[in-house]
>>> print(open('entry04.cif').read())   # mmCIF, C-alpha atoms and all ligand atoms
data_target
loop_
_atom_site.label_atom_id
_atom_site.label_comp_id
_atom_site.auth_asym_id
_atom_site.auth_seq_id
_atom_site.Cartn_x
_atom_site.Cartn_y
_atom_site.Cartn_z
CA MET D 1 111.51 54.28 296.62
CA SER D 2 110.64 57.34 294.58
CA SER D 3 113.41 59.81 293.90
CA PHE D 4 113.63 63.25 295.37
CA PHE D 5 112.56 64.92 292.11
CA GLU D 6 109.62 62.59 291.59
CA ARG D 7 108.37 63.41 295.05
CA VAL D 8 108.62 67.12 294.36
CA THR D 9 106.75 66.78 291.04
CA ARG D 10 104.00 64.73 292.58
CA THR D 11 103.05 67.53 294.93
CA ARG D 12 103.24 70.10 292.15
CA GLU D 13 101.18 68.42 289.45
CA PRO D 14 99.42 71.11 287.39
CA ARG D 15 95.78 71.56 288.28
CA ASN D 16 94.85 72.72 284.84
CA THR D 17 96.89 71.86 281.82
CA THR D 18 97.16 75.01 279.75
CA SER D 19 100.63 75.18 278.27
CA GLY D 20 101.33 78.28 280.39
CA SER D 21 100.73 76.44 283.64
CA VAL D 22 102.71 73.45 282.41
CA ALA D 23 105.56 75.86 281.65
CA LYS D 24 105.37 77.32 285.15
CA ASP D 25 105.47 73.91 286.81
CA ARG D 26 108.34 72.70 284.65
CA LEU D 27 110.27 75.87 285.36
CA LYS D 28 109.80 75.58 289.10
CA LEU D 29 111.08 72.06 289.01
CA VAL D 30 114.06 72.70 286.80
CA LEU D 31 115.05 75.68 288.94
CA ILE D 32 114.94 73.64 292.12
CA HIS D 33 117.52 71.47 290.42
CA ASP D 34 119.56 74.38 289.01
CA ARG D 35 119.63 76.22 292.30
CA THR D 36 120.80 73.23 294.26
CA ASP D 37 124.52 72.82 294.26
CA ILE D 38 124.14 69.63 296.27
CA PRO D 39 123.90 66.47 294.12
CA PRO D 40 120.64 64.47 294.43
CA ALA D 41 122.39 61.50 296.06
CA ILE D 42 123.72 63.70 298.84
CA MET D 43 120.28 65.23 299.29
CA GLU D 44 118.89 61.70 299.78
CA GLU D 45 121.53 61.00 302.40
CA LEU D 46 120.80 64.28 304.13
CA ARG D 47 117.10 63.43 304.13
CA ASP D 48 117.71 60.02 305.68
CA ASP D 49 120.00 61.38 308.38
CA LEU D 50 117.57 64.14 309.15
CA MET D 51 114.67 61.68 309.48
CA GLY D 52 116.74 59.57 311.84
CA VAL D 53 117.22 62.50 314.18
CA ILE D 54 113.65 63.81 313.98
CA ALA D 55 112.23 60.33 314.64
CA ARG D 56 113.74 60.42 318.12
CA TYR D 57 111.38 63.25 319.05
CA VAL D 58 108.21 63.14 316.94
CA ASP D 59 106.08 60.76 314.95
CA PHE D 60 105.81 61.51 311.25
CA VAL D 61 104.89 60.06 307.88
CA ARG D 62 108.21 58.99 306.43
CA GLU D 63 107.04 58.90 302.81
CA ASP D 64 105.82 62.48 302.97
CA VAL D 65 109.04 64.03 304.17
CA GLU D 66 110.40 66.54 301.69
CA VAL D 67 113.82 68.10 301.86
CA HIS D 68 114.90 70.62 299.30
CA ILE D 69 116.65 73.91 298.70
CA THR D 70 114.47 76.91 297.98
CA ARG D 71 115.26 80.49 297.24
CA GLU D 72 113.26 83.32 298.66
CA SER D 73 114.23 86.75 297.47
CA ARG D 74 117.30 85.15 295.95
CA ARG D 75 118.50 83.65 299.22
CA SER D 76 118.94 79.89 299.36
CA ARG D 77 117.57 77.93 302.26
CA LEU D 78 117.29 74.29 303.12
CA VAL D 79 113.67 73.44 303.73
CA ALA D 80 112.49 70.24 305.37
CA GLU D 81 108.78 69.54 305.37
CA ILE D 82 107.86 66.89 307.88
CA PRO D 83 104.14 66.24 308.25
CA LEU D 84 103.52 65.01 311.80
CA ARG D 85 101.26 62.05 312.48
CA ASN D 86 99.79 63.45 315.69
CA GLN D 87 100.89 65.42 318.72
CA PRO D 88 104.59 65.35 319.40
CA ARG D 89 105.45 62.68 321.95
CA THR D 90 106.20 64.27 325.27
CA ARG D 91 109.43 62.72 326.22
CA SER D 92 111.45 63.22 329.27
CA ARG D 93 114.93 64.40 328.26
CA ARG D 94 116.56 62.73 331.27
CA MET Z 1 126.87 114.05 289.51
CA SER Z 2 128.74 111.02 288.31
CA GLY Z 3 127.11 108.88 285.61
CA GLN Z 4 125.75 105.42 286.17
CA VAL Z 5 126.69 102.26 284.33
CA LEU Z 6 123.66 100.24 283.24
CA THR Z 7 124.46 96.74 282.04
CA VAL Z 8 121.85 94.90 279.97
CA THR Z 9 122.33 91.16 279.95
CA SER Z 10 120.34 87.90 279.69
CA GLY Z 11 122.09 84.58 279.62
CA LYS Z 12 120.13 83.36 276.62
CA GLY Z 13 120.79 84.95 273.24
CA GLY Z 14 118.19 86.60 271.05
CA VAL Z 15 115.85 87.69 273.84
CA GLY Z 16 116.18 91.42 273.17
CA LYS Z 17 119.28 92.83 274.90
CA THR Z 18 120.46 94.86 271.94
CA THR Z 19 116.92 96.08 271.25
CA THR Z 20 116.63 97.12 274.91
CA VAL Z 21 119.96 98.97 274.92
CA ALA Z 22 119.15 100.87 271.71
CA ASN Z 23 115.68 101.83 272.93
CA VAL Z 24 116.37 102.58 276.56
CA GLY Z 25 119.46 104.53 275.47
CA ALA Z 26 117.42 106.56 272.97
CA ALA Z 27 114.60 107.11 275.48
CA LEU Z 28 117.00 108.31 278.18
CA ALA Z 29 118.65 110.70 275.72
CA ALA Z 30 115.26 111.94 274.50
CA GLU Z 31 114.51 112.84 278.11
CA GLY Z 32 117.60 115.02 278.15
CA ASN Z 33 120.14 112.64 279.67
CA ARG Z 34 123.65 112.40 278.29
CA VAL Z 35 123.95 108.79 277.15
CA VAL Z 36 126.64 106.60 275.68
CA CYS Z 37 125.79 103.04 274.58
CA ILE Z 38 128.65 100.57 274.31
CA ASP Z 39 128.49 97.33 272.35
CA VAL Z 40 130.47 94.84 274.43
CA ASP Z 41 129.56 91.89 272.19
CA LEU Z 42 132.96 91.66 270.50
CA GLY Z 43 132.99 89.81 267.20
CA LEU Z 44 129.20 90.02 266.88
CA ARG Z 45 128.71 93.74 266.37
CA ASN Z 46 125.00 94.51 266.33
CA LEU Z 47 124.07 97.60 268.26
CA ASP Z 48 125.37 99.85 265.46
CA VAL Z 49 122.79 98.57 262.96
CA VAL Z 50 119.94 98.55 265.47
CA MET Z 51 120.74 102.19 266.26
CA GLY Z 52 121.25 102.96 262.56
CA LEU Z 53 124.80 104.23 262.98
CA GLU Z 54 126.73 101.54 261.11
CA ASN Z 55 127.89 103.76 258.27
CA ARG Z 56 129.91 106.06 260.43
CA ILE Z 57 132.16 103.63 262.26
CA VAL Z 58 135.88 104.29 262.10
CA TYR Z 59 137.16 103.19 265.49
CA ASP Z 60 135.74 100.70 267.97
CA LEU Z 61 135.88 99.60 271.60
CA VAL Z 62 139.10 97.63 271.20
CA HIS Z 63 140.85 100.59 269.54
CA VAL Z 64 139.91 102.67 272.59
CA ILE Z 65 141.05 100.03 275.09
CA GLU Z 66 144.33 99.49 273.25
CA GLY Z 67 144.95 103.22 272.98
CA GLN Z 68 144.88 103.30 269.17
CA CYS Z 69 142.49 106.23 269.21
CA ARG Z 70 141.16 108.77 271.64
CA LEU Z 71 137.92 107.97 273.41
CA ARG Z 72 136.01 110.76 271.63
CA GLN Z 73 137.13 109.47 268.23
CA ALA Z 74 135.36 106.17 268.77
CA MET Z 75 132.10 107.76 269.87
CA ILE Z 76 129.52 108.06 267.10
CA LYS Z 77 126.96 110.77 267.70
CA ASP Z 78 123.32 110.01 267.00
CA LYS Z 79 121.66 112.63 264.81
CA ARG Z 80 118.08 112.20 266.05
CA VAL Z 81 118.60 112.89 269.74
CA PRO Z 82 120.99 115.47 271.19
CA GLU Z 83 123.25 113.64 273.63
CA LEU Z 84 123.29 110.03 272.44
CA TYR Z 85 126.51 108.28 271.47
CA LEU Z 86 127.60 104.79 270.48
CA ILE Z 87 130.92 103.06 270.96
CA PRO Z 88 130.73 100.07 268.59
CA ALA Z 89 132.16 96.62 269.20
CA ALA Z 90 135.18 95.40 267.26
CA GLN Z 91 134.03 93.06 264.54
CA THR Z 92 137.32 91.26 263.96
CA ARG Z 93 138.41 90.68 267.53
CA ASP Z 94 137.00 88.44 270.22
CA LYS Z 95 136.10 88.88 273.86
CA THR Z 96 139.63 88.14 275.07
CA ALA Z 97 140.79 91.44 273.53
CA ILE Z 98 139.46 93.23 276.60
CA SER Z 99 139.28 92.43 280.30
CA PRO Z 100 136.85 93.33 283.09
CA SER Z 101 139.38 95.81 284.51
CA ASP Z 102 139.68 97.50 281.09
CA MET Z 103 135.91 98.04 281.21
CA VAL Z 104 136.05 99.41 284.73
CA ARG Z 105 138.75 101.91 283.68
CA LEU Z 106 136.80 102.95 280.58
CA ALA Z 107 133.62 103.44 282.60
CA GLU Z 108 135.50 105.63 285.09
CA GLU Z 109 136.61 107.85 282.26
CA LEU Z 110 133.08 108.16 280.88
CA ARG Z 111 131.27 108.74 284.16
CA SER Z 112 132.16 112.42 284.36
CA ASP Z 113 130.81 113.21 280.89
CA PHE Z 114 127.63 111.12 280.84
CA ASP Z 115 124.55 110.47 282.93
CA TRP Z 116 124.12 106.93 281.64
CA ILE Z 117 126.65 104.49 280.23
CA VAL Z 118 124.58 101.63 278.81
CA LEU Z 119 126.38 98.36 278.10
CA ASP Z 120 125.09 95.74 275.66
CA SER Z 121 126.33 92.45 277.06
CA PRO Z 122 126.91 89.34 274.98
CA ALA Z 123 124.83 86.24 275.73
CA GLY Z 124 126.36 83.59 277.96
CA ILE Z 125 128.18 83.61 281.26
CA GLU Z 126 131.74 83.79 279.95
CA ARG Z 127 134.35 86.50 279.60
CA GLY Z 128 132.18 88.82 277.52
CA PHE Z 129 129.49 88.82 280.19
CA ARG Z 130 132.12 89.42 282.88
CA ASN Z 131 133.45 92.37 280.85
CA ALA Z 132 129.99 93.91 280.73
CA LEU Z 133 129.20 93.20 284.36
CA ALA Z 134 132.42 94.48 285.94
CA PRO Z 135 131.67 98.22 285.80
CA ALA Z 136 127.90 97.92 286.37
CA ASP Z 137 126.00 100.05 288.88
CA LYS Z 138 122.65 98.68 287.76
CA VAL Z 139 121.88 95.47 285.91
CA LEU Z 140 118.87 94.79 283.72
CA VAL Z 141 118.23 91.15 282.90
CA VAL Z 142 116.15 90.66 279.76
CA THR Z 143 114.02 87.57 279.35
CA ASN Z 144 111.12 86.24 277.28
CA PRO Z 145 108.05 84.46 278.65
CA GLU Z 146 109.50 81.05 277.79
CA VAL Z 147 110.89 78.28 279.94
CA SER Z 148 114.44 78.32 278.56
CA ALA Z 149 114.80 82.11 278.68
CA VAL Z 150 113.48 82.36 282.25
CA ARG Z 151 115.73 79.53 283.34
CA ASP Z 152 118.78 81.30 281.95
CA ALA Z 153 117.64 84.57 283.52
CA ASP Z 154 117.58 82.81 286.88
CA ARG Z 155 121.17 81.71 286.43
CA ILE Z 156 122.29 85.20 285.44
CA ILE Z 157 120.43 86.83 288.32
CA GLY Z 158 122.28 84.49 290.67
CA LEU Z 159 125.64 85.41 289.12
CA VAL Z 160 124.86 89.13 289.29
CA GLU Z 161 124.03 88.68 292.96
CA ALA Z 162 127.20 86.68 293.59
CA GLU Z 163 129.26 89.52 292.08
CA ARG Z 164 127.46 91.94 294.41
CA LYS Z 165 125.98 93.82 291.47
CA GLY Z 166 122.41 93.06 292.44
CA PRO Z 167 119.57 93.21 292.81
CA ALA Z 168 119.07 92.86 289.08
CA GLN Z 169 115.88 94.24 287.59
CA LEU Z 170 113.89 92.32 285.05
CA VAL Z 171 112.76 93.25 281.56
CA ILE Z 172 110.21 90.82 280.15
CA ASN Z 173 110.24 91.18 276.39
CA ARG Z 174 107.95 89.81 273.67
CA VAL Z 175 104.92 89.58 275.92
CA ARG Z 176 101.74 88.47 274.12
CA PRO Z 177 98.74 89.44 276.27
CA ASP Z 178 96.41 87.40 274.04
CA MET Z 179 98.44 84.23 274.65
CA ILE Z 180 98.67 84.92 278.39
CA GLN Z 181 94.93 85.43 278.54
CA ARG Z 182 94.20 82.07 276.97
CA GLY Z 183 96.77 80.41 279.23
CA ASP Z 184 99.35 79.67 276.58
CA MET Z 185 102.11 81.89 277.89
CA LEU Z 186 103.82 82.36 281.24
CA SER Z 187 102.29 85.47 282.77
CA VAL Z 188 104.37 88.36 284.06
CA ASP Z 189 103.31 87.45 287.60
CA ASP Z 190 104.34 83.81 287.11
CA ILE Z 191 107.80 84.92 286.03
CA LEU Z 192 108.24 87.43 288.84
CA ASP Z 193 107.04 84.84 291.31
CA ILE Z 194 109.57 82.31 290.08
CA LEU Z 195 112.55 84.66 289.77
CA ALA Z 196 111.89 86.78 292.87
CA VAL Z 197 113.16 90.01 291.33
CA ASP Z 198 111.66 93.41 290.61
CA LEU Z 199 110.19 94.20 287.24
CA ILE Z 200 111.40 97.31 285.45
CA GLY Z 201 109.81 96.75 282.04
CA LYS Z 202 107.29 94.69 280.19
CA ILE Z 203 107.62 94.97 276.42
CA PRO Z 204 104.93 93.62 274.12
CA GLU Z 205 105.72 91.53 271.09
CA ASP Z 206 105.46 94.27 268.49
CA GLU Z 207 106.15 94.30 264.79
CA SER Z 208 107.18 97.95 265.06
CA ILE Z 209 110.42 96.65 266.63
CA ILE Z 210 111.27 94.73 263.49
CA ILE Z 211 110.29 97.67 261.30
CA GLY Z 212 112.40 99.93 263.51
CA SER Z 213 115.41 97.66 263.26
CA ASN Z 214 114.94 97.43 259.48
CA ARG Z 215 115.24 101.20 259.34
CA GLY Z 216 117.87 101.54 262.05
CA SER Z 217 115.48 103.67 264.07
CA PRO Z 218 114.70 102.70 267.69
CA VAL Z 219 110.93 102.55 268.33
CA ALA Z 220 111.40 104.47 271.57
CA LEU Z 221 111.57 107.55 269.33
CA ASP Z 222 108.23 106.69 267.69
CA PRO Z 223 105.41 108.16 269.78
CA ASP Z 224 102.86 105.76 268.21
CA SER Z 225 104.64 102.51 269.05
CA ASN Z 226 103.35 100.46 271.98
CA ALA Z 227 106.75 98.87 272.49
CA GLY Z 228 108.31 102.32 272.23
CA GLN Z 229 106.12 103.52 275.10
CA ALA Z 230 107.13 100.51 277.18
CA PHE Z 231 110.82 101.36 276.62
CA ARG Z 232 110.23 105.02 277.45
CA ASN Z 233 108.64 103.85 280.69
CA ILE Z 234 111.81 101.93 281.56
CA ALA Z 235 113.83 105.11 281.04
CA LEU Z 236 111.48 107.02 283.36
CA ARG Z 237 111.74 104.32 286.04
CA LEU Z 238 115.54 104.37 285.77
CA ASN Z 239 115.39 108.05 286.57
CA GLY Z 240 113.35 107.34 289.65
CA GLN Z 241 109.83 108.01 288.41
CA GLU Z 242 106.95 105.77 289.35
CA VAL Z 243 105.17 104.70 286.22
CA ASP Z 244 102.26 102.27 286.24
CA PHE Z 245 102.56 99.01 284.39
CA PHE Z 246 99.62 99.13 282.05
CA GLU Z 247 97.71 95.92 281.65
CA PRO Z 248 97.36 95.84 277.91
CA VAL Z 249 93.85 95.09 276.77
CA VAL Z 250 93.67 92.06 274.52
CA LYS Z 251 92.62 93.40 271.19
CA THR Z 252 89.71 92.11 269.24
CA SER Z 253 89.31 93.74 265.88
CA PHE Z 254 86.60 95.95 267.38
CA PHE Z 255 88.77 97.03 270.28
CA SER Z 256 91.78 97.65 268.13
CA ARG Z 257 89.68 99.94 265.96
CA LEU Z 258 88.33 101.63 269.06
CA GLY Z 259 91.87 101.84 270.45
CA LYS Z 260 93.09 103.63 267.33
CA LEU Z 261 90.24 106.10 267.61
CA MET Z 262 90.98 106.84 271.25
CA GLY Z 263 94.77 106.87 271.15
CA ARG Z 264 96.79 103.96 272.39
CA SER Z 265 98.57 103.46 275.64
CA SER Z 266 100.98 100.82 276.90
N1 LIG D 301 109.30 92.95 271.54
C1 LIG D 301 109.69 92.47 270.35
N2 LIG D 301 108.79 92.28 269.34
C2 LIG D 301 109.19 91.81 268.17
N3 LIG D 301 110.46 91.50 267.84
C3 LIG D 301 111.40 91.66 268.78
C4 LIG D 301 111.07 92.16 270.07
N4 LIG D 301 112.22 92.22 270.80
C5 LIG D 301 113.21 91.78 269.99
N5 LIG D 301 112.74 91.43 268.78
C6 LIG D 301 113.53 90.90 267.66
O1 LIG D 301 114.21 89.75 268.16
C7 LIG D 301 115.51 89.65 267.60
C8 LIG D 301 116.55 89.51 268.70
O2 LIG D 301 116.63 90.72 269.42
P1 LIG D 301 118.04 91.28 269.94
O3 LIG D 301 117.76 92.57 270.62
O4 LIG D 301 119.05 91.32 268.84
O5 LIG D 301 118.42 90.17 271.01
P2 LIG D 301 119.81 89.92 271.78
O6 LIG D 301 120.62 91.18 271.72
O7 LIG D 301 119.41 89.56 273.17
O8 LIG D 301 120.48 88.77 271.08
C9 LIG D 301 115.69 90.87 266.73
O9 LIG D 301 115.46 90.51 265.40
C10 LIG D 301 114.63 91.83 267.22
O10 LIG D 301 114.18 92.68 266.19
MG MG D 302 122.68 91.41 271.01
#
>>> encode(input="entry04.cif", output="structure tokens")
Amino acid sequence: MSSFFERVTRTREPRNTTSGSVAKDRLKLVLIHDRTDIPPAIMEELRDDLMGVIARYVDFVREDVEVHITRESRRSRLVAEIPLRNQPRTRSRR
Amino acid sequence: MSGQVLTVTSGKGGVGKTTTVANVGAALAAEGNRVVCIDVDLGLRNLDVVMGLENRIVYDLVHVIEGQCRLRQAMIKDKRVPELYLIPAAQTRDKTAISPSDMVRLAEELRSDFDWIVLDSPAGIERGFRNALAPADKVLVVTNPEVSAVRDADRIIGLVEAERKGPAQLVINRVRPDMIQRGDMLSVDDILDILAVDLIGKIPEDESIIIGSNRGSPVALDPDSNAGQAFRNIALRLNGQEVDFFEPVVKTSFFSRLGKLMGRSS
């Protein structure tokens, strides 16, 4: 299975390859790492646990799930991106 | 009104902190503010030569902190601008000679006599940086359009925030519009996008800065220098003025000749 960082890079591959855009992509990636105080192994565990819970409610593409820490306006947040396969299953809660 | 403490820091060394302190300090003073610049980089005294005041040093920051001289005795007056002073760093002592609370006390003493107290922070995230950050009201983080410098800026911005000294404002130094235009340099927008902070200055790579530091004469006092104009704009913004960020035109030889004919702007 591909690692967390490989998955992030794959979605952020530079469209053009001027050294400036390469620099921007490398920076984004290295900062995701720097800004995360949680070690990658724990992030993997978190991702797996999260998927386990979400799977009880909706159908999604496991390989495309992305969990990472981002910072917007200098505030950290945990972001999970879970592309759904189709409409959420309607499930009776009782 | 009580003066404000402006701390200039960066994380990475050599990005232009000392240059920024000397020039923003000079520009603020040229606008009529009372300014004292303090070199907090103990053991690596630098601001004195960039400001051209190295020949007149008797006492330094550590002498003041340790009470070996009066505050006024350690302040060297600049001769080019009316109310500009320097308190030099000690050259033979290290950062442990002073503490963050010493700096807070010193700043309190200076606030009543000055509009701006500008601190030149050492590189790094250690004691020296803490000393410079402790009394800060405003923090400028200096960076260059390079991966390592922006990365370190990000770290520093986070630390400034954690100490509740934020939001830091960014100075991007050594910008080369020609390289940005051909895609070989991180653009100002790229950097702002990544760091999520406000820009306060964008300084071009400019040989006049090296010439100025050779002479000990900040380019902010040279009306013909592009970089000098960019530093003067920072001073104006610090005093609450809205000043446009000029998009410098990439010079071809024709345009640079035309530019000289028409008077430059930056
Ligand atoms: N915009 C610029 N254009 C050209 N040279 C610059 C510029 N800014 C800084 N420099 C040069 O870069 C060197 C490092 O600058 P300095 O202000 O001493 O950095 P710091 O205090 O962050 O270590 C100095 O030699 C200075 O003259
Ligand atoms: Mg310096």
>>> closest_residue(input="entry04.cif", among="Z:Gln169, Z:Thr19, Z:Asn131, Z:Thr143", to="ligand LIG 301 (chain D)", atoms="only C-alpha atoms and all ligand atoms")
Z:Thr19
>>> interface_residues(input="entry04.cif", of="chain D", to="chain Z", cutoff="6 Å", atoms="only C-alpha atoms", output="ChimeraX atom specification")
/D:18-20,27,73
>>> atom_distance(input="entry04.cif", atom1="atom CA of Z:Arg56", atom2="atom CA of Z:Leu133")
27.2 Å
>>> residues_near_ligand(input="entry04.cif", ligand="ligand LIG 301 (chain D)", cutoff="6 Å", atoms="only C-alpha atoms and all ligand atoms", output="number ranges by chain")
Z: 13-19, 173-174, 203-207, 209-210, 213
>>> residues_near_ligand(input="entry04.cif", ligand="ligand MG 302 (chain D)", cutoff="12 Å", atoms="all atoms listed in the file", output="PyMOL selection string")
chain Z and resi 8-22+38-51+89+119-124+128-129+142
>>> closest_residue(input="entry04.cif", among="Z:Ala97, Z:Glu66, Z:Gly52, Z:Phe114", to="Z:Lys79", atoms="only C-alpha atoms")
Z:Gly52
>>> residues_near_point(input="entry04.cif", point="(112.4, 72.7, 287.7)", cutoff="12 Å", atoms="only C-alpha atoms", output="VMD selection string")
(chain D and resid 5 to 6 8 to 9 12 22 to 36 69 to 70) or (chain Z and resid 147 to 148 150 to 151 154 194)
>>> atom_distance(input="entry04.cif", atom1="atom CA of Z:Ile87", atom2="atom CA of Z:Ile211")
23.4 Å
>>> atom_distance(input="entry04.cif", atom1="atom CA of Z:Thr96", atom2="atom CA of Z:Ile125")
13.8 Å
>>> closest_residue(input="entry04.cif", among="D:His68, D:Asn86, D:Ala55, D:Val79", to="D:Ile38", atoms="only C-alpha atoms")
D:His68
